[in-house]
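Colleague: First, the structure itself, so that you have it in front of you.
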Amino acid sequence: MKKKKLLTLLTTAALTTSIVGCSGAASITTSSDTTSSANESSEDAAEDLTQTSADKETADESESTATSSLEATSAEDRAYIEETLNLANNEEVTWTYDADADAWIMSIVTAVAYAEIEDEEGVSVCIPGAYIKGIDTDGDGEADITADSYTEAVHGQLVIDYEAEVTSSNGQVYTASTAPVILNTGAAGYSSSTNTTAATSYASEGYINVSCGNRGKNDTVTDEDGNESYTGDAPSCLADQKAAARFVRYNILLGNLPGSTEYWVSTGGSGGGAHATMFAATSNSSDFYDYQIEVGSVGVYVNEDGTYDTTVTIDGVTYDLSDGAWGAVAYSPITSLYEADMAMAFEYYMDTDYDFNTSFQEQMAKYLSEEYMTYINDQNLTVSEADVELDINGDGDMDDTIDLYIEYDLEKYADTNGYGGTYLDLYLAEFESNLQWYLDNLDYADGWTWFDEDSNALSDEEVAAMTSEDKATAFIEGRYAKSSSLEDGMGGPGGGMGMMNGEKPDGMTGGPGGDMGQAPDGDMTGAPEDMTEAADTDNTEASDIENSDTENSDVETADAESEDDRSFANSDVAANSAGDTMDVGTPDEGTTQSAGSTTDSSNYSTYAEMLEAYQNDVAEVYAGDEYGNVSVELYNPLNYIGDEDGDDPVWIRMVCGAAEGDISMFNSLNLQLAFLSSGVDATIEWQWDGGHVPSEVLGESLALTVDTMYGEYVEGAVQITKSEAQTQTQNGDATEATGTDISSWVDYDDTSAVSFSLADAVSYRTKGASKSTPGFDVIDYGQEDYVFGDSDSDARHWSVWVLKVLEEHQDELEELFNSGE
């Protein structure tokens, strides 16, 4: 793993100071049975703690030196895996035909030969009917059951029509051998996802849709003696998704399934968005091979010399089998967790009016902000204005390459607690650009109700006569109510919420995050300081089921289609992301998630007790797993973007809700910078009034993205452009405006070039706070970790940055801890 880009072995630097014991707490090393004395030098301890990582870096200097700790795969084992995972040999697989969607759906089958938890290591596929002549039930190669004669689920082999073509809704043309494959990544909250049947969402677009389960942080197994043990540590979620990809690609090569082995697109929301991003960033990285080999994934084996073989041979032809992505559409990706605590603390701390719950949290935010500034400045980041299509330095062109940095000057940047610099200029430019995009695309709004300055609904004739500028002005002044239908939100993951506890969340008109109903909430009649709890309605009522501080942490989600017909797309994002349940925080309450928590920790009575627990946890994590890997490093996509050991995707699109409080916008910004620096076509969208896992709005969709990228990067494909907006000729039926008035702090003299300040932007962000940052029980992303806590202890701590702050500022923080101030 060559950490060449945004993150460059900063673990070592952070640990240099973070491992020193305080107040008699033992210093830590990599060995679980060895401790250092409290006065051991931090340099020596850091060297011990990072030895495994250092050795790994040396080994990775040459791609050919990547080796496995597992035994060589025997010819018999390899043959067994490939025979078992060949669908032609599966006696239980059945096919169901959906006449309404004109699609064939494969029953769930196990995607690996040695599954640990079969209910979470399966895969299902949905195929457009045009590609299928029928089902061969007797093995003669002819279609015995066709769409016309189908009556019930049938066992047999697909008879594929490789000559048939499907034209997507955007005009792209696909065949059974060129059809993109959409892999829906679950793992909401980094938890397990139960196997689910693939939905028909993309059948009309000509795509192959894949749904897979995955193990996760809430999993346990019971041995033959009845002893239960935890088994869901990272990277099990990602390894299972990679195994599913290998399974489907293998069967495409065998002729058992249609679809392209090249044009794979990973997509998911929240924790699923994190995994969609990581799936793409870690494409074909050998760091994940052992985990796949352990469960019998096809197309990844160990040679006699310990090196890896990722090929399969079919009819005498050898094929390299990929476990990665060509592209990705990630909705609110909760990654990279490695930097997430610092980033969110920094975003909150820059708002001079943000009211932290306790003095302890505020001081933590102050110190984590300092660490984040150092972290970013150590990266020596640059960005081409042309790549991001932003005039960052305000010189009127986009011809420059900008050095990105954060600087501290309390007098110069008093309105952001002393922080400024070109990195934050880029952050602000992204926010302004996002609002501008929204205003420029309001002609795509359908079914909205528009109001005049006296709060009277406009007539149909008046709506039809509205210019683009009229709509932009009305939007800024909050004179609108969004459509109550799902129409604006359909067209991609996040396009519909589905149901929660049998009811659709109030105020949500799209997917999780939806259109946010009254987005972002409150009346916002003044400057950002006057936003009346302008928090994301969706965060607290809907998508924050990953983060809510509830007594019942197993929030059940239902599907908008049926119990066994889930996909990530459109109306059922939440259900597919979570499998059957979405586990939040801890199974039995445990860590505090709420942004309103005024207790720094309910699990530790003293600072020393808490600090020792944190030190021990970090030591355990950085000691590595059974393969010598550190889970935190494996799950940091910044480590893999540009890594010579693997492959980068061709493109990625990250869609975040600008008002969401689940992760800092700096995370997606950093991912974009890393991807761009490696030559990846990377875009981020901070949907102006979107919450966590926002809907696709204003003419955008996942299908439009995939078709556009296919046209751009595949020779001979159709060049796709967004369809023209249809003028709204009939006003909606809302009786009052529910829009947010942002006119007092947005300069909109020219609605084609709106602007606002950095202080306004961070104030807008903090009003969407849904996590206690940096409250101690979570230190924000403990719940997104890989081990649950319980009612007596936190989720496993692992942030070297948080530990560094806790140790270096112990004297001050200890006085504030649990003081109630």
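We name chains A, B, ... following the order of the structure tokens; residues begin at 1 in each chain, and ligands are numbered from 1 as shown.
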Mind checking which residues fall within 10 Å of Ser455 (chain A), counting only C-alpha atoms, ignoring those fewer than 5 positions away in the same chain, and posting them as a compact mmCIF listing (two decimals) with N, CA, C and O atoms, in the first residue's frame?
Modeller:
```txt
# COMPACT_ATOMS: atom_id res chain seq x y z
N TRP A 450 -45.31 27.91 -6.25
CA TRP A 450 -44.59 29.17 -6.15
C TRP A 450 -45.52 30.26 -5.61
O TRP A 450 -46.72 30.28 -5.91
N GLY A 478 -37.34 32.06 -0.29
CA GLY A 478 -38.14 31.03 0.37
C GLY A 478 -39.59 30.98 -0.08
O GLY A 478 -40.43 30.40 0.61
N ARG A 479 -39.89 31.52 -1.26
CA ARG A 479 -41.28 31.61 -1.72
C ARG A 479 -41.64 30.40 -2.58
O ARG A 479 -41.95 30.50 -3.76
N TYR A 480 -41.60 29.25 -1.96
CA TYR A 480 -41.92 28.02 -2.70
C TYR A 480 -42.28 26.91 -1.71
O TYR A 480 -41.97 26.98 -0.51
N THR A 735 -50.61 25.19 0.14
CA THR A 735 -51.32 26.39 0.59
C THR A 735 -50.42 27.43 1.22
O THR A 735 -50.84 28.57 1.43
N GLU A 736 -49.20 27.05 1.55
CA GLU A 736 -48.27 28.02 2.12
C GLU A 736 -46.84 27.67 1.74
O GLU A 736 -46.52 26.51 1.49
N ALA A 737 -46.02 28.68 1.69
CA ALA A 737 -44.61 28.49 1.35
C ALA A 737 -43.89 27.80 2.49
O ALA A 737 -44.07 28.14 3.66
```
Colleague: Within 9 Å of region 344-347 of chain A, counting only C-alpha atoms, which residues qualify if same-chain residues fewer than 3 places away don't, as a count of residues only?
Modeller: 28
Colleague: Residues near region 415-417 of chain A, anyone? I mean within 9 Å using only C-alpha atoms, not counting same-chain ones fewer than 4 positions away, as a ChimeraX atom specification.
Modeller: /A:349-352,408-411,758-759,762
Colleague: So that I can check the surroundings of region 80-83 of chain A, please list as a ChimeraX atom specification every protein, DNA and RNA residue that reaches within 7 Å of it, counting only C-alpha atoms and ignoring chain neighbours fewer than 2 positions away.
Modeller: /A:76-78,85-86,89,113,296,298
